[in-house]
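Below: my_file.txt (compact mmCIF, C-alpha atoms)
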```txt
# COMPACT_ATOMS: atom_id res chain seq x y z
CA MET A 33 107.50 -39.55 -3.42
CA THR A 34 104.73 -42.02 -4.10
CA PRO A 35 105.61 -45.21 -6.03
CA LEU A 36 103.42 -44.05 -8.89
CA ALA A 37 105.38 -40.81 -9.22
CA ALA A 38 108.66 -42.78 -9.19
CA TYR A 39 107.46 -45.00 -12.03
CA LEU A 40 106.25 -41.97 -13.97
CA LEU A 41 109.62 -40.24 -13.53
CA VAL A 42 111.49 -43.32 -14.81
CA SER A 43 109.12 -43.43 -17.76
CA ALA A 44 109.63 -39.71 -18.47
CA LEU A 45 113.41 -40.18 -18.35
CA LEU A 46 113.19 -43.13 -20.75
CA PHE A 47 111.01 -41.07 -23.09
CA ALA A 48 113.45 -38.16 -23.01
CA ILE A 49 116.42 -40.46 -23.76
CA GLY A 50 114.59 -42.04 -26.69
CA PHE A 51 113.51 -38.64 -27.94
CA ALA A 52 117.05 -37.24 -27.76
CA GLY A 53 118.37 -40.29 -29.63
CA ALA A 54 115.70 -40.06 -32.33
CA LEU A 55 116.48 -36.36 -32.82
CA THR A 56 120.27 -36.47 -32.81
CA ARG A 57 121.53 -39.82 -34.14
CA ARG A 58 122.45 -39.96 -37.82
CA ASN A 59 121.90 -43.68 -38.38
CA SER A 60 118.30 -44.44 -39.31
CA ILE A 61 118.26 -47.74 -37.36
CA LEU A 62 119.07 -45.84 -34.17
CA VAL A 63 116.30 -43.36 -34.91
CA LEU A 64 113.95 -46.36 -34.96
CA VAL A 65 115.47 -47.61 -31.68
CA GLY A 66 114.71 -44.22 -30.13
CA VAL A 67 111.09 -44.48 -31.27
CA GLU A 68 110.88 -47.96 -29.72
CA LEU A 69 112.18 -46.58 -26.41
CA MET A 70 109.51 -43.88 -26.46
CA LEU A 71 106.77 -46.46 -27.10
CA ASN A 72 108.06 -48.56 -24.19
CA ALA A 73 108.03 -45.53 -21.90
CA ALA A 74 104.35 -45.06 -22.75
CA ASN A 75 103.71 -48.74 -21.96
CA LEU A 76 105.35 -48.32 -18.54
CA ASN A 77 103.02 -45.38 -17.89
CA PHE A 78 99.96 -47.47 -18.76
CA LEU A 79 100.97 -50.25 -16.38
CA ALA A 80 101.88 -47.87 -13.54
CA PHE A 81 98.51 -46.16 -13.77
CA TRP A 82 96.78 -49.55 -13.93
CA ARG A 83 98.59 -50.75 -10.79
CA TYR A 84 98.12 -47.63 -8.66
CA GLY A 85 94.94 -46.30 -10.24
CA PRO A 86 91.47 -46.58 -8.76
CA ASN A 87 90.04 -49.47 -10.79
CA PRO A 88 92.61 -52.25 -11.39
CA GLU A 89 90.15 -55.12 -11.87
CA ALA A 90 88.97 -53.59 -15.17
CA LEU A 91 92.41 -54.53 -16.65
CA THR A 92 92.29 -51.53 -19.00
CA GLY A 93 96.00 -50.75 -18.67
CA VAL A 94 97.11 -54.32 -19.35
CA MET A 95 94.87 -54.53 -22.41
CA PHE A 96 96.20 -51.24 -23.73
CA VAL A 97 99.78 -52.43 -23.25
CA LEU A 98 99.11 -55.69 -25.12
CA PHE A 99 97.64 -53.84 -28.09
CA ALA A 100 100.40 -51.21 -28.01
CA ILE A 101 103.07 -53.95 -28.08
CA ALA A 102 101.39 -55.55 -31.11
CA VAL A 103 101.20 -52.22 -32.96
CA ALA A 104 104.83 -51.43 -32.06
CA ALA A 105 105.95 -54.81 -33.40
CA ALA A 106 104.20 -54.10 -36.71
CA GLU A 107 105.79 -50.64 -36.78
CA ALA A 108 109.27 -52.08 -36.20
CA ALA A 109 108.85 -54.66 -38.98
CA VAL A 110 107.68 -52.10 -41.56
CA GLY A 111 110.23 -49.51 -40.44
CA LEU A 112 113.17 -51.89 -40.74
CA ALA A 113 111.92 -53.06 -44.15
CA LEU A 114 111.85 -49.41 -45.23
CA ILE A 115 115.38 -48.88 -43.92
CA ILE A 116 116.64 -51.91 -45.85
CA ALA A 117 114.90 -50.76 -49.03
CA ILE A 118 116.40 -47.27 -48.64
CA TYR A 119 119.82 -48.79 -47.97
CA ARG A 120 119.58 -50.82 -51.16
CA HIS A 121 118.66 -47.72 -53.11
CA TYR A 122 121.11 -45.18 -51.66
CA CYS A 123 123.76 -47.60 -50.25
CA SER A 124 123.61 -45.68 -46.97
CA SER A 125 121.57 -45.85 -43.77
CA ASN A 126 122.42 -42.29 -42.81
CA VAL A 127 119.34 -40.09 -42.56
CA GLU A 128 121.23 -37.11 -44.02
CA ASP A 129 122.03 -38.89 -47.28
CA VAL A 130 118.36 -39.38 -48.13
CA ALA A 131 117.75 -35.85 -49.31
CA THR A 132 116.52 -36.24 -52.89
CA MET A 133 113.35 -34.27 -52.21
CA LYS A 134 115.19 -31.49 -50.38
CA GLY A 135 114.42 -28.13 -51.96
CA MET B 64 110.49 -53.16 -2.92
CA ASN B 65 112.07 -49.72 -3.17
CA PHE B 66 115.58 -51.14 -3.37
CA ILE B 67 114.62 -53.54 -6.17
CA PHE B 68 112.83 -50.76 -7.98
CA ALA B 69 115.94 -48.56 -7.79
CA ILE B 70 118.13 -51.33 -9.24
CA LEU B 71 115.70 -52.06 -12.08
CA ALA B 72 115.15 -48.40 -12.89
CA GLY B 73 118.90 -47.75 -12.95
CA LEU B 74 119.47 -50.77 -15.19
CA THR B 75 116.73 -49.77 -17.62
CA VAL B 76 117.64 -46.08 -17.87
CA GLY B 77 121.39 -46.73 -17.97
CA ALA B 78 121.07 -49.31 -20.74
CA ALA B 79 118.77 -47.01 -22.71
CA PHE B 80 121.29 -44.19 -22.34
CA ALA B 81 124.10 -46.48 -23.53
CA ALA B 82 121.96 -47.62 -26.48
CA MET B 83 121.58 -44.02 -27.60
CA THR B 84 125.19 -42.93 -27.08
CA LEU B 85 127.50 -45.82 -28.08
CA ARG B 86 129.28 -45.65 -31.43
CA ASN B 87 129.05 -49.29 -32.52
CA LEU B 88 125.57 -50.20 -33.74
CA VAL B 89 125.77 -53.82 -32.54
CA HIS B 90 126.58 -52.60 -29.03
CA CYS B 91 123.61 -50.23 -29.28
CA ALA B 92 121.28 -53.09 -30.21
CA LEU B 93 122.56 -55.23 -27.32
CA CYS B 94 122.13 -52.35 -24.85
CA LEU B 95 118.59 -51.88 -26.15
CA THR B 96 117.95 -55.55 -25.37
CA VAL B 97 119.18 -55.06 -21.79
CA SER B 98 116.93 -52.04 -21.44
CA LEU B 99 113.92 -54.01 -22.73
CA ILE B 100 114.64 -56.83 -20.26
CA GLY B 101 114.78 -54.24 -17.47
CA LEU B 102 111.40 -52.93 -18.58
CA ALA B 103 109.96 -56.45 -18.53
CA LEU B 104 111.24 -56.85 -14.95
CA LEU B 105 109.61 -53.52 -14.04
CA TYR B 106 106.32 -54.85 -15.44
CA LEU B 107 106.71 -57.97 -13.27
CA GLN B 108 107.43 -55.70 -10.30
CA LEU B 109 104.17 -53.89 -11.03
CA GLY B 110 102.26 -57.18 -10.90
CA ALA B 111 101.50 -57.39 -14.62
CA GLU B 112 103.01 -60.82 -15.22
CA PHE B 113 101.34 -61.40 -18.56
CA ALA B 114 102.48 -58.06 -19.97
CA GLY B 115 106.01 -58.73 -18.73
CA PHE B 116 106.22 -62.09 -20.46
CA VAL B 117 104.71 -60.66 -23.63
CA GLN B 118 107.38 -57.95 -23.48
CA VAL B 119 110.12 -60.58 -23.27
CA LEU B 120 108.57 -62.63 -26.06
CA VAL B 121 107.90 -59.80 -28.50
CA TYR B 122 110.59 -57.23 -27.77
CA VAL B 123 113.55 -59.25 -26.50
CA GLY B 124 112.73 -62.21 -28.72
CA ALA B 125 111.63 -60.58 -31.94
CA VAL B 126 112.23 -56.84 -32.20
CA ALA B 127 115.80 -56.96 -30.87
CA ILE B 128 116.69 -59.73 -33.31
CA LEU B 129 115.01 -57.78 -36.11
CA ILE B 130 117.12 -54.72 -35.29
CA LEU B 131 120.28 -56.82 -35.16
CA PHE B 132 119.44 -58.28 -38.57
CA ALA B 133 118.87 -54.79 -39.97
CA VAL B 134 122.20 -53.63 -38.55
CA LEU B 135 124.01 -56.54 -40.15
CA LEU B 136 122.17 -56.25 -43.48
CA THR B 137 123.01 -52.57 -43.82
CA ARG B 138 126.65 -53.12 -42.82
CA GLY B 139 126.14 -50.81 -39.86
CA GLY B 140 128.23 -53.11 -37.66
CA GLU B 141 131.42 -51.65 -39.04
CA ALA B 142 132.98 -48.98 -36.89
CA PRO B 143 131.57 -45.61 -37.95
CA VAL B 144 133.80 -42.85 -39.19
CA GLY B 145 133.26 -39.20 -38.39
CA ARG B 146 130.57 -37.88 -36.13
CA ILE B 147 127.70 -40.09 -35.12
CA THR B 148 125.28 -37.33 -34.20
CA ASN B 149 123.77 -34.42 -35.98
CA SER B 150 122.61 -31.11 -34.49
CA LEU B 151 123.48 -32.44 -31.05
CA GLY B 152 122.92 -29.26 -29.06
CA ALA B 153 119.44 -28.47 -30.39
CA GLY B 154 118.27 -32.08 -30.02
CA LEU B 155 119.51 -32.38 -26.45
CA LEU B 156 117.95 -29.02 -25.59
CA VAL B 157 114.53 -30.08 -26.92
CA ALA B 158 114.71 -33.48 -25.16
CA ALA B 159 115.76 -31.85 -21.87
CA ALA B 160 112.90 -29.37 -22.17
CA VAL B 161 110.44 -32.23 -22.73
CA PHE B 162 111.78 -34.09 -19.69
CA GLY B 163 111.64 -30.92 -17.60
CA VAL B 164 108.00 -30.30 -18.46
CA LEU B 165 107.08 -33.96 -17.78
CA ALA B 166 108.92 -34.04 -14.43
CA TRP B 167 107.41 -30.71 -13.39
CA ALA B 168 103.93 -32.02 -14.24
CA ILE B 169 104.50 -35.30 -12.36
CA ILE B 170 105.96 -33.74 -9.21
CA GLY B 171 103.54 -30.84 -9.07
CA SER B 172 100.41 -32.82 -9.90
CA SER B 173 97.63 -32.70 -7.33
CA ALA B 174 95.70 -35.55 -8.95
CA LEU B 175 98.58 -37.95 -8.25
CA LYS B 176 98.66 -36.93 -4.59
CA ALA B 177 94.93 -37.59 -4.30
CA LEU B 178 95.41 -41.27 -5.15
CA PRO B 179 95.94 -43.68 -2.24
CA LYS B 180 99.59 -44.18 -1.38
CA GLU B 181 99.69 -47.96 -1.10
CA THR B 182 97.14 -50.16 -2.77
CA PRO B 183 97.04 -53.94 -2.46
CA GLN B 184 98.68 -55.76 -5.34
CA PRO B 185 95.86 -56.61 -7.78
CA ALA B 186 95.70 -60.30 -8.60
CA LEU B 187 96.13 -60.58 -12.33
CA LEU B 188 95.07 -63.95 -13.63
CA VAL B 189 95.86 -64.91 -17.19
CA LYS B 190 92.33 -66.32 -17.37
CA ALA B 191 90.94 -62.84 -16.71
CA VAL B 192 93.13 -61.43 -19.50
CA GLY B 193 91.87 -64.11 -21.88
CA ASP B 194 88.26 -63.50 -20.89
CA LYS B 195 88.66 -59.79 -21.53
CA LEU B 196 90.39 -60.37 -24.88
CA MET B 197 87.69 -62.74 -26.06
CA GLY B 198 84.81 -60.74 -24.61
CA GLU B 199 85.06 -56.99 -24.29
CA PHE B 200 88.09 -56.47 -26.54
CA VAL B 201 87.36 -58.99 -29.29
CA LEU B 202 86.90 -56.31 -31.97
CA PRO B 203 90.27 -54.61 -31.31
CA LEU B 204 91.84 -58.09 -31.28
CA GLN B 205 90.51 -58.76 -34.79
CA GLY B 206 91.74 -55.34 -35.85
CA ILE B 207 95.22 -56.17 -34.53
CA ALA B 208 95.17 -59.45 -36.46
CA LEU B 209 94.33 -57.54 -39.64
CA LEU B 210 97.02 -54.95 -38.92
CA LEU B 211 99.69 -57.59 -38.35
CA THR B 212 98.78 -59.37 -41.58
CA ALA B 213 98.93 -56.09 -43.49
CA ALA B 214 102.26 -55.20 -41.86
CA LEU B 215 103.70 -58.62 -42.74
CA LEU B 216 102.69 -58.31 -46.39
CA GLY B 217 103.79 -54.68 -46.51
CA ALA B 218 107.21 -55.44 -45.05
CA VAL B 219 107.76 -58.23 -47.57
CA VAL B 220 106.70 -56.05 -50.52
CA ILE B 221 108.80 -53.08 -49.38
CA ALA B 222 111.94 -55.12 -48.73
CA MET B 223 111.63 -57.12 -51.94
CA ARG B 224 114.53 -56.73 -54.33
CA GLU B 225 114.14 -53.95 -56.87
CA LYS B 226 114.27 -55.47 -60.32
CA SER B 227 117.55 -54.22 -61.81
CA SER B 228 116.38 -50.65 -62.09
CA PRO B 229 119.00 -47.94 -62.57
CA ALA B 230 119.76 -45.97 -59.42
CA GLY B 231 117.39 -43.09 -58.86
CA VAL B 232 114.56 -44.55 -60.93
CA ALA B 233 111.71 -46.00 -58.93
CA VAL B 234 110.32 -49.31 -60.12
CA ASP B 235 106.58 -49.44 -60.50
CA SER B 236 104.71 -51.61 -58.06
CA ARG B 237 103.61 -54.19 -60.65
CA SER B 238 107.14 -55.29 -61.48
CA ALA B 239 107.99 -55.35 -57.78
CA THR B 240 105.16 -57.71 -56.90
CA ARG B 241 105.44 -60.05 -59.88
CA ASN B 242 108.26 -62.28 -58.67
CA PRO B 243 107.91 -63.48 -55.05
```

Written as structure tokens, how would this file's structure read?
Amino acid sequence: MTPLAAYLLVSALLFAIGFAGALTRRNSILVLVGVELMLNAANLNFLAFWRYGPNPEALTGVMFVLFAIAVAAAEAAVGLALIIAIYRHYCSSNVEDVATMKG
Amino acid sequence: MNFIFAILAGLTVGAAFAAMTLRNLVHCALCLTVSLIGLALLYLQLGAEFAGFVQVLVYVGAVAILILFAVLLTRGGEAPVGRITNSLGAGLLVAAAVFGVLAWAIIGSSALKALPKETPQPALLVKAVGDKLMGEFVLPLQGIALLLTAALLGAVVIAMREKSSPAGVAVDSRSATRNP
């Protein structure tokens, strides 16, 4: 197996773990943690392709990772603020309790 | 290199798995931190020093602390009662299917095999990163600055205390923004 394929497999495993957590956990903070893991798996993919790809001096992968980290930080801040606002309203951080709009 | 990669990959994936399966939310947040540190070390292993240090600074330094604060503010640190997961079988099935498709695509890909097996480690200078950020990528950089400002203001407005409204009644945005 090439090193690139090994990195991609680790990244796919990380993505699958984050995805499973985001789908199955009941606490909304852990759903957000799962989303963060998926974003980090994508970042690992960018860097692996930058390192083993054909044109590393263009620095495209590193630039993409820097911007993705900034966007993910903004997402985490807004997401946690939403979770705290929902907790204050419903006194629960369980995703199943927030079902006011359920038909 | 392979041995180090195996250790780092095991650390990262194992900590991520623990973060998604443990019952106590504080333990989950700490395992997430370990997983993020492992990812930063993998970035260093790939030769992207700047991205690795940014990962430590932003994720380990800020996002992990933010998640810990959210856990403590929502009283999630108390031991949970009852089940911690919901529709476990279906979720695991979907995630396993996604991983299967990804792994099948990676292992069976002919484009990956066409790439050279070992390439020399590219020299990544921070100066080159700065030149790129201030030259070619200056417009996205300004966009990110705008986005972070908007996210900061948005997070403050969203998390601001609702003004003594009865439960179930949404306060209008004017009364929420009046008192800082």

Could you give me the axis-aligned bounding box of region 97-113 of chain A, with 6 Å of padding per side, as centre plus edge lengths in Å to one decimal, as lines of an AutoDock Vina configuration file?
```
center_x = 105.4
center_y = -52.6
center_z = -33.7
size_x = 27.5
size_y = 18.2
size_z = 32.9
```

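Using only C-alpha atoms for every distance, the candidate list A:Met133, A:Ile116, A:Cys123, A:Leu64 yields A:Leu64 as the residue closest to Ala104 (chain A).
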
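Proximity to Phe51 (chain A) at 8 Å, evaluated using all atoms listed in the file and with sequence-adjacent residues fewer than 2 positions away removed, yields Phe47, Ala48, Ile49, Gly53, Ala54, Leu55, Gly66, Val67 and Met70 of chain A; Ala158 of chain B.
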
Export C-alpha atoms of the chosen residues as a JSON list (two decimals), in the coordinates of the input?
```
[["chain", "number", "residue", "atom", "x", "y", "z"],
["A", 47, "PHE", "CA", 111.01, -41.07, -23.09],
["A", 48, "ALA", "CA", 113.45, -38.16, -23.01],
["A", 49, "ILE", "CA", 116.42, -40.46, -23.76],
["A", 53, "GLY", "CA", 118.37, -40.29, -29.63],
["A", 54, "ALA", "CA", 115.70, -40.06, -32.33],
["A", 55, "LEU", "CA", 116.48, -36.36, -32.82],
["A", 66, "GLY", "CA", 114.71, -44.22, -30.13],
["A", 67, "VAL", "CA", 111.09, -44.48, -31.27],
["A", 70, "MET", "CA", 109.51, -43.88, -26.46],
["B", 158, "ALA", "CA", 114.71, -33.48, -25.16]]
```

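With all atoms listed in the file taken into account, the protein and nucleic acid residues at most 12 Å from Ala74 (chain A) (excluding it and anything under 6 positions from it in its own chain) are A:Tyr39, A:Leu40, A:Leu41, A:Val42, A:Ser43, A:Ala44, A:Leu45, A:Leu46, A:Phe47, A:Ala48, A:Gly50, A:Val67, A:Glu68, A:Ala80, A:Phe81, A:Gly93, A:Phe96, A:Val97, A:Ala100, A:Ile101, A:Ala104, B:Leu102.
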
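Each of A:Val110, A:Leu71, A:Ala38, A:Ile115 was compared to chain B using all atoms listed in the file, and A:Val110 turns out to be the nearest.
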
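Here CA of Leu36 (chain A) is placed at a distance of 17.1 Å from CA of Leu91 (chain A).
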
List as a compact mmCIF listing (two decimals) with C-alpha atoms, in the frame of the given file the protein and nucleic acid residues near Val94 (chain A), meaning an atom at most 12 Å away when all atoms listed in the file are counted, but skip any in the same chain fewer than 5 places from it.
```
# COMPACT_ATOMS: atom_id res chain seq x y z
CA ASN A 75 103.71 -48.74 -21.96
CA LEU A 76 105.35 -48.32 -18.54
CA ASN A 77 103.02 -45.38 -17.89
CA PHE A 78 99.96 -47.47 -18.76
CA LEU A 79 100.97 -50.25 -16.38
CA ALA A 80 101.88 -47.87 -13.54
CA PHE A 81 98.51 -46.16 -13.77
CA TRP A 82 96.78 -49.55 -13.93
CA ARG A 83 98.59 -50.75 -10.79
CA PRO A 88 92.61 -52.25 -11.39
CA GLU A 89 90.15 -55.12 -11.87
CA PHE A 99 97.64 -53.84 -28.09
CA ALA A 100 100.40 -51.21 -28.01
CA ILE A 101 103.07 -53.95 -28.08
CA TYR B 106 106.32 -54.85 -15.44
CA LEU B 107 106.71 -57.97 -13.27
CA LEU B 109 104.17 -53.89 -11.03
CA GLY B 110 102.26 -57.18 -10.90
CA ALA B 111 101.50 -57.39 -14.62
CA GLU B 112 103.01 -60.82 -15.22
CA PHE B 113 101.34 -61.40 -18.56
CA ALA B 114 102.48 -58.06 -19.97
CA GLY B 115 106.01 -58.73 -18.73
CA VAL B 117 104.71 -60.66 -23.63
CA GLN B 118 107.38 -57.95 -23.48
CA PRO B 185 95.86 -56.61 -7.78
CA LEU B 187 96.13 -60.58 -12.33
CA LEU B 188 95.07 -63.95 -13.63
CA VAL B 189 95.86 -64.91 -17.19
CA ALA B 191 90.94 -62.84 -16.71
CA VAL B 192 93.13 -61.43 -19.50
CA GLY B 193 91.87 -64.11 -21.88
CA LYS B 195 88.66 -59.79 -21.53
CA LEU B 196 90.39 -60.37 -24.88
CA PHE B 200 88.09 -56.47 -26.54
```

Using all atoms listed in the file, select each residue of chain B with any atom at most 7 Å away from an atom of chain A, and give the selection as an NGL selection string. :B and (72 or 76 or 80 or 83 or 109 or 114 or 126 or 133 or 137 or 147-151 or 154-155 or 158-159 or 161-162 or 165-166 or 169 or 180 or 182 or 185 or 211 or 214 or 217-218 or 221-222 or 230)

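For the pair CA of Gly77 (chain B) and CA of Cys94 (chain B), the interatomic distance is 8.9 Å.
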
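CA of Ala79 (chain B) lies 8.8 Å from CA of Cys91 (chain B).
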